[in-house]
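Working notes, structure below.
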Amino acid sequence: MTEVTEADRYGLTQLDYLEAEAIFIIREIVAENESPGMLFSGGKDSIVMLHLAAKAFAPASIPFPVVHVDTGHNFDEVIEYRDRRVAELGVRLIVGSVPDAIAAGLVREEPNGSRNRIQTPVLLKTAEDHGLTALMGGARRDEEKARAKERVFSFRDDFGQWDPKNQRPELWSLYNGRIHPGESIRCFPLSNWTELDIWEYIAREGIEVPSIYYAHEREVFLRGGMYMAVNQHCQPKEGEEVFTETVRYRTVGDATLTAAVLSQARTAEDVVAEVAATRITERGATRGDDKVSEAAMEDRKKEGYF
């Protein structure tokens, strides 16, 4: 006798379950919070988040703004996609500008030119200026150790700070969104997704993503064992030889610190096959900012980073 699985009985695949869970979480944070927003950078995770939000409230429009903390060190393809997608959906875009914050003296650029760490005060000020008391983001637990510690509803104190030892239980997927004035919630509907799930969902739904997520030829140089692209924000130092390789990006962030990987994956299905075979996380392979220390991400999150 053939065993009947849960998927056979109810007709739900892994992606169906993850989609339903994420849509439930998005609706829950909107129902429980008076002024939510969603982070949208034009990266693949935030693209999937926005796609899920559109599904969650269809046929109505998305009932909250999207927020991007712009470092000024973005890949051109990603910013072009961000603006076009926001216009297509008719959703309000709030931009927190790191360059403007530097000019105003709110933050100071690091000696190495990175603006990743100084995104935090800009994010907090942007949320405060627009009265956003809950922010949804596309962080996943498989990305990094500190993110694996965080709850789906992540409580932040009056200063936007995160205390990993002071988190609310989420038994039976019950989420407590109550906050006092000045406090806020960060919400992660994609917590239980993996990079492979993201790409399988992109392939299944036919979701467009920026072209740099697929294999293309680009001028690069090696720095710390990673393939860094030559661009206006990132230039080779003495002794770093520039050459052309076929690469793609697994994640997109600060162009001064985000590396590419060698790849021949030119479609979402190709990426699915590639990601299924890899044994190193996307951030571990491509994000120089996480190599500052073993606790780099956790330190930033405690300060208020997403």
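Identifiers in the structure tokens: chain A, B, ... in order shown; residue index from 1 per chain; ligand index from 1 in order shown.
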Surrounding residues of Phe40 (chain A) excluding itself and chain neighbours under 2 positions, 7 Å, only C-alpha atoms, as JSON, numbers by chain: {"A": [38, 42, 46, 66, 67, 68]}
Could those residues be written to a file, using all heavy atoms, as a PDB file, in the first residue's frame?
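result.pdb was written with the following content:
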ATOM      1  N   MET A  38       7.212  48.246   4.236  1.00  0.00           N
ATOM      2  CA  MET A  38       7.987  47.093   3.773  1.00  0.00           C
ATOM      3  C   MET A  38       9.281  47.571   3.132  1.00  0.00           C
ATOM      4  O   MET A  38       9.259  48.463   2.272  1.00  0.00           O
ATOM      5  CB  MET A  38       7.175  46.277   2.764  1.00  0.00           C
ATOM      6  CG  MET A  38       7.938  45.097   2.151  1.00  0.00           C
ATOM      7  SD  MET A  38       6.922  44.095   1.031  1.00  0.00           S
ATOM      8  CE  MET A  38       5.910  43.199   2.217  1.00  0.00           C
ATOM      9  N   GLY A  42      14.992  46.206  -4.286  1.00  0.00           N
ATOM     10  CA  GLY A  42      15.181  45.697  -5.642  1.00  0.00           C
ATOM     11  C   GLY A  42      16.005  44.430  -5.654  1.00  0.00           C
ATOM     12  O   GLY A  42      16.330  43.906  -6.725  1.00  0.00           O
ATOM     13  N   SER A  46      13.445  40.970  -1.439  1.00  0.00           N
ATOM     14  CA  SER A  46      12.427  42.016  -1.326  1.00  0.00           C
ATOM     15  C   SER A  46      11.483  41.978  -2.530  1.00  0.00           C
ATOM     16  O   SER A  46      10.309  42.353  -2.409  1.00  0.00           O
ATOM     17  CB  SER A  46      13.080  43.398  -1.182  1.00  0.00           C
ATOM     18  OG  SER A  46      13.819  43.766  -2.327  1.00  0.00           O
ATOM     19  N   VAL A  66       6.542  51.290   0.589  1.00  0.00           N
ATOM     20  CA  VAL A  66       7.792  50.533   0.604  1.00  0.00           C
ATOM     21  C   VAL A  66       8.928  51.506   0.900  1.00  0.00           C
ATOM     22  O   VAL A  66       8.857  52.690   0.553  1.00  0.00           O
ATOM     23  CB  VAL A  66       8.036  49.773  -0.715  1.00  0.00           C
ATOM     24  CG1 VAL A  66       6.976  48.707  -0.915  1.00  0.00           C
ATOM     25  CG2 VAL A  66       8.077  50.717  -1.906  1.00  0.00           C
ATOM     26  N   VAL A  67       9.956  50.999   1.574  1.00  0.00           N
ATOM     27  CA  VAL A  67      11.039  51.846   2.072  1.00  0.00           C
ATOM     28  C   VAL A  67      12.374  51.316   1.569  1.00  0.00           C
ATOM     29  O   VAL A  67      12.628  50.100   1.610  1.00  0.00           O
ATOM     30  CB  VAL A  67      11.059  51.863   3.621  1.00  0.00           C
ATOM     31  CG1 VAL A  67      12.168  52.773   4.137  1.00  0.00           C
ATOM     32  CG2 VAL A  67       9.702  52.286   4.168  1.00  0.00           C
ATOM     33  N   HIS A  68      13.217  52.203   1.079  1.00  0.00           N
ATOM     34  CA  HIS A  68      14.570  51.819   0.682  1.00  0.00           C
ATOM     35  C   HIS A  68      15.570  52.756   1.334  1.00  0.00           C
ATOM     36  O   HIS A  68      15.468  53.982   1.180  1.00  0.00           O
ATOM     37  CB  HIS A  68      14.741  51.868  -0.838  1.00  0.00           C
ATOM     38  CG  HIS A  68      16.098  51.423  -1.297  1.00  0.00           C
ATOM     39  ND1 HIS A  68      16.718  51.914  -2.426  1.00  0.00           N
ATOM     40  CD2 HIS A  68      16.973  50.519  -0.764  1.00  0.00           C
ATOM     41  CE1 HIS A  68      17.897  51.337  -2.579  1.00  0.00           C
ATOM     42  NE2 HIS A  68      18.076  50.493  -1.570  1.00  0.00           N
TER      43      HIS A  68
END
Residues within 7 Å of Pro189 (chain A), only C-alpha atoms, excluding chain neighbours under 3 positions, as number ranges by chain: A: 22, 25-26, 138, 152
Generate a file of the selected residues that holds N, CA, C and O atoms, formatted as a CSV table (one decimal), in the first residue's frame.
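Listed below is the output, result12.csv:
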chain,number,residue,atom,x,y,z
A,22,ALA,N,3.7,33.0,4.5
A,22,ALA,CA,4.2,34.4,4.4
A,22,ALA,C,3.1,35.4,4.2
A,22,ALA,O,3.1,36.5,4.7
A,25,ILE,N,1.5,36.0,7.5
A,25,ILE,CA,2.3,36.9,8.3
A,25,ILE,C,2.1,38.4,7.9
A,25,ILE,O,2.0,39.3,8.7
A,26,ILE,N,2.2,38.6,6.6
A,26,ILE,CA,2.0,40.0,6.1
A,26,ILE,C,0.7,40.5,6.5
A,26,ILE,O,0.6,41.7,6.9
A,138,GLY,N,12.9,41.1,4.0
A,138,GLY,CA,13.1,39.8,3.4
A,138,GLY,C,14.2,38.9,4.0
A,138,GLY,O,14.6,38.0,3.3
A,152,VAL,N,10.0,35.8,14.0
A,152,VAL,CA,9.3,36.3,12.9
A,152,VAL,C,8.9,37.8,13.2
A,152,VAL,O,9.1,38.7,12.4
Members of region 159-244 of chain A assigned strand (DSSP E or B) by DSSP, as a short mmCIF file (atom, residue, chain, number, x, y, z; two decimals) with N, CA and C atoms, in the first residue's frame:
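Writing done, so here's result.cif:
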data_model
loop_
_atom_site.label_atom_id
_atom_site.label_comp_id
_atom_site.auth_asym_id
_atom_site.auth_seq_id
_atom_site.Cartn_x
_atom_site.Cartn_y
_atom_site.Cartn_z
N SER A 184 8.95 49.52 18.35
CA SER A 184 8.59 49.12 16.99
C SER A 184 8.78 47.61 16.83
N ILE A 185 8.31 47.14 15.68
CA ILE A 185 8.41 45.72 15.34
C ILE A 185 9.09 45.59 13.99
N ARG A 186 10.01 44.65 13.87
CA ARG A 186 10.52 44.23 12.57
C ARG A 186 9.90 42.87 12.28
N CYS A 187 9.47 42.66 11.08
CA CYS A 187 8.73 41.45 10.73
C CYS A 187 9.39 40.76 9.55
N HIS A 216 26.52 36.90 -16.77
CA HIS A 216 26.86 37.90 -17.77
C HIS A 216 28.35 38.18 -17.65
N GLU A 217 28.94 38.73 -18.68
CA GLU A 217 30.36 39.07 -18.64
C GLU A 217 30.56 40.40 -17.95
N ARG A 218 31.56 40.45 -17.09
CA ARG A 218 31.81 41.68 -16.34
C ARG A 218 33.29 41.78 -16.01
N GLU A 219 33.82 42.98 -16.00
CA GLU A 219 35.20 43.20 -15.57
C GLU A 219 35.27 43.07 -14.05
N VAL A 220 36.17 42.21 -13.58
CA VAL A 220 36.28 41.94 -12.15
C VAL A 220 37.75 41.87 -11.74
N PHE A 221 37.97 41.86 -10.43
CA PHE A 221 39.30 41.61 -9.88
C PHE A 221 39.11 40.85 -8.58
N LEU A 222 40.12 40.14 -8.15
CA LEU A 222 40.03 39.33 -6.95
C LEU A 222 40.46 40.15 -5.73
N ARG A 223 39.63 40.11 -4.69
CA ARG A 223 39.96 40.76 -3.42
C ARG A 223 39.46 39.86 -2.30
N MET A 226 37.34 36.94 -3.40
CA MET A 226 36.03 37.20 -3.98
C MET A 226 36.17 38.02 -5.26
N TYR A 227 35.23 37.80 -6.19
CA TYR A 227 35.24 38.50 -7.47
C TYR A 227 34.49 39.83 -7.34
N MET A 228 35.25 40.91 -7.26
CA MET A 228 34.66 42.24 -7.14
C MET A 228 34.55 42.88 -8.52
N ALA A 229 33.40 43.50 -8.80
CA ALA A 229 33.20 44.15 -10.09
C ALA A 229 33.85 45.53 -10.10
N ASN A 231 33.53 49.16 -10.90
CA ASN A 231 32.47 50.13 -11.13
C ASN A 231 32.85 51.44 -10.46
N CYS A 234 33.72 50.90 -6.79
CA CYS A 234 34.71 49.89 -6.40
C CYS A 234 35.80 49.80 -7.47
N PHE A 243 40.32 41.55 -14.96
CA PHE A 243 40.10 40.61 -16.07
C PHE A 243 38.60 40.43 -16.25
N THR A 244 38.20 39.80 -17.34
CA THR A 244 36.79 39.61 -17.65
C THR A 244 36.38 38.18 -17.34
#
Region 127-131 of chain A environment, 10 Å, only C-alpha atoms, sequence neighbours closer than 5 positions dropped, as a VMD selection string: chain A and resid 34 to 37 65 67 94 96 121 to 122 160 182 184
Generate a file of the selected residues that holds N, CA and C atoms, formatted as a PDB file, in the first residue's frame.
ATOM      1  N   GLU A  34      -0.570  49.855  13.359  1.00  0.00           N
ATOM      2  CA  GLU A  34      -1.246  51.028  12.794  1.00  0.00           C
ATOM      3  C   GLU A  34      -0.511  51.650  11.618  1.00  0.00           C
ATOM      4  N   SER A  35       0.815  51.435  11.538  1.00  0.00           N
ATOM      5  CA  SER A  35       1.564  52.106  10.465  1.00  0.00           C
ATOM      6  C   SER A  35       2.724  51.236   9.988  1.00  0.00           C
ATOM      7  N   PRO A  36       2.429  50.191   9.205  1.00  0.00           N
ATOM      8  CA  PRO A  36       3.482  49.313   8.721  1.00  0.00           C
ATOM      9  C   PRO A  36       4.122  49.810   7.423  1.00  0.00           C
ATOM     10  N   GLY A  37       5.276  49.272   7.106  1.00  0.00           N
ATOM     11  CA  GLY A  37       5.941  49.528   5.838  1.00  0.00           C
ATOM     12  C   GLY A  37       6.732  48.289   5.454  1.00  0.00           C
ATOM     13  N   PRO A  65       3.418  51.762   2.432  1.00  0.00           N
ATOM     14  CA  PRO A  65       4.523  52.189   1.573  1.00  0.00           C
ATOM     15  C   PRO A  65       5.668  51.189   1.588  1.00  0.00           C
ATOM     16  N   VAL A  67       9.956  50.999   1.574  1.00  0.00           N
ATOM     17  CA  VAL A  67      11.039  51.846   2.072  1.00  0.00           C
ATOM     18  C   VAL A  67      12.374  51.316   1.569  1.00  0.00           C
ATOM     19  N   ILE A  94       9.307  55.336  -0.173  1.00  0.00           N
ATOM     20  CA  ILE A  94      10.005  56.234   0.742  1.00  0.00           C
ATOM     21  C   ILE A  94      11.491  55.904   0.657  1.00  0.00           C
ATOM     22  N   GLY A  96      15.236  56.638   2.196  1.00  0.00           N
ATOM     23  CA  GLY A  96      16.114  57.224   3.202  1.00  0.00           C
ATOM     24  C   GLY A  96      17.507  57.305   2.605  1.00  0.00           C
ATOM     25  N   PRO A 121      21.444  54.325  11.449  1.00  0.00           N
ATOM     26  CA  PRO A 121      20.778  55.560  11.904  1.00  0.00           C
ATOM     27  C   PRO A 121      19.866  56.159  10.843  1.00  0.00           C
ATOM     28  N   VAL A 122      20.186  55.946   9.558  1.00  0.00           N
ATOM     29  CA  VAL A 122      19.331  56.469   8.485  1.00  0.00           C
ATOM     30  C   VAL A 122      18.009  55.706   8.450  1.00  0.00           C
ATOM     31  N   GLY A 160      15.261  51.461  18.734  1.00  0.00           N
ATOM     32  CA  GLY A 160      15.343  50.600  17.558  1.00  0.00           C
ATOM     33  C   GLY A 160      16.282  49.429  17.733  1.00  0.00           C
ATOM     34  N   GLY A 182       6.843  54.585  20.922  1.00  0.00           N
ATOM     35  CA  GLY A 182       8.292  54.667  20.759  1.00  0.00           C
ATOM     36  C   GLY A 182       8.928  53.351  20.364  1.00  0.00           C
ATOM     37  N   SER A 184       8.946  49.518  18.350  1.00  0.00           N
ATOM     38  CA  SER A 184       8.592  49.116  16.994  1.00  0.00           C
ATOM     39  C   SER A 184       8.782  47.613  16.826  1.00  0.00           C
TER      40      SER A 184
END
Residues within 8 Å of region 72-79 of chain A, only C-alpha atoms, excluding chain neighbours under 6 positions, as an MDAnalysis selection string: chainID A and resid 41:43 97:99 115 210:212 233 252:256
Distance table requested - region 165-240 of chain A against region 278-283 of chain A, cut-off 12 Å, only C-alpha atoms: one row per qualifying residue with the closest atom pair and its distance in Å to one decimal, ordered by chain and rising residue number, as a tab-separated table.
residue	atom	partner	partner_atom	distance
A:Thr194	CA	A:Thr281	CA	9.9
A:Glu195	CA	A:Glu282	CA	7.9
A:Leu196	CA	A:Thr278	CA	10.0
A:Met226	CA	A:Arg283	CA	11.6
Top pick for closest residue to Ser263 (chain A), considering A:Val230, A:Pro236, A:Tyr213, A:Ile62 and counting only C-alpha atoms: A:Tyr213
Residue neighbourhood Glu19 (chain A), 10 Å, only C-alpha atoms, exclusion window fewer than 4 positions, as a PDB file with C-alpha atoms, in the first residue's frame:
ATOM      1  CA  THR A  13       3.725  21.671  -2.122  1.00  0.00           C
ATOM      2  CA  GLN A  14       6.587  23.117  -0.074  1.00  0.00           C
ATOM      3  CA  LEU A  15       6.301  26.390  -2.006  1.00  0.00           C
ATOM      4  CA  ILE A  23       0.893  35.880   3.176  1.00  0.00           C
ATOM      5  CA  PHE A  24      -0.638  35.120   6.587  1.00  0.00           C
ATOM      6  CA  ILE A  25       2.267  36.896   8.331  1.00  0.00           C
ATOM      7  CA  VAL A  48       9.489  38.117  -3.625  1.00  0.00           C
ATOM      8  CA  MET A  49       8.148  39.971  -0.568  1.00  0.00           C
ATOM      9  CA  LEU A  52       3.552  38.192  -1.914  1.00  0.00           C
ATOM     10  CA  LYS A  55      -1.122  38.636  -3.658  1.00  0.00           C
ATOM     11  CA  ALA A  56      -2.053  39.149  -0.006  1.00  0.00           C
ATOM     12  CA  PRO A 189       7.676  36.742   6.572  1.00  0.00           C
ATOM     13  CA  LEU A 190      10.427  34.861   4.686  1.00  0.00           C
ATOM     14  CA  TRP A 193      12.479  30.219   3.292  1.00  0.00           C
ATOM     15  CA  TYR A 201       9.409  30.450  -6.323  1.00  0.00           C
TER      16      TYR A 201
END
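Excluding Lys44 (chain A) and any residue on its chain fewer than 5 positions from it, the residues at most 8 Å away by only C-alpha atoms are Ile198, Val209 and Thr251 of chain A.
Here CA of Asn33 (chain A) and CA of Ala58 (chain A) stand 19.5 Å from one another.
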Counting only C-alpha atoms, the option among A:Glu205, A:Ala273, A:Leu39, A:Phe57 closest to Arg92 (chain A):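 Counting only C-alpha atoms, the residue closest to Arg92 (chain A) is A:Leu39.
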Given only C-alpha atoms as the counted atoms, nearest of A:Arg84, A:Lys145, A:Arg168, A:Phe64 to Ala31 (chain A):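 Counting only C-alpha atoms, the residue closest to Ala31 (chain A) is A:Phe64.
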Selected residue of minimal separation from Leu124 (chain A) among A:Val69, A:Leu50, A:Ala139, A:Leu93, counting only C-alpha atoms: A:Val69
Interatomic distance (Å, one decimal) between CA of Ala268 (chain A) and CA of Ala203 (chain A):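 The value is 5.2 Å.
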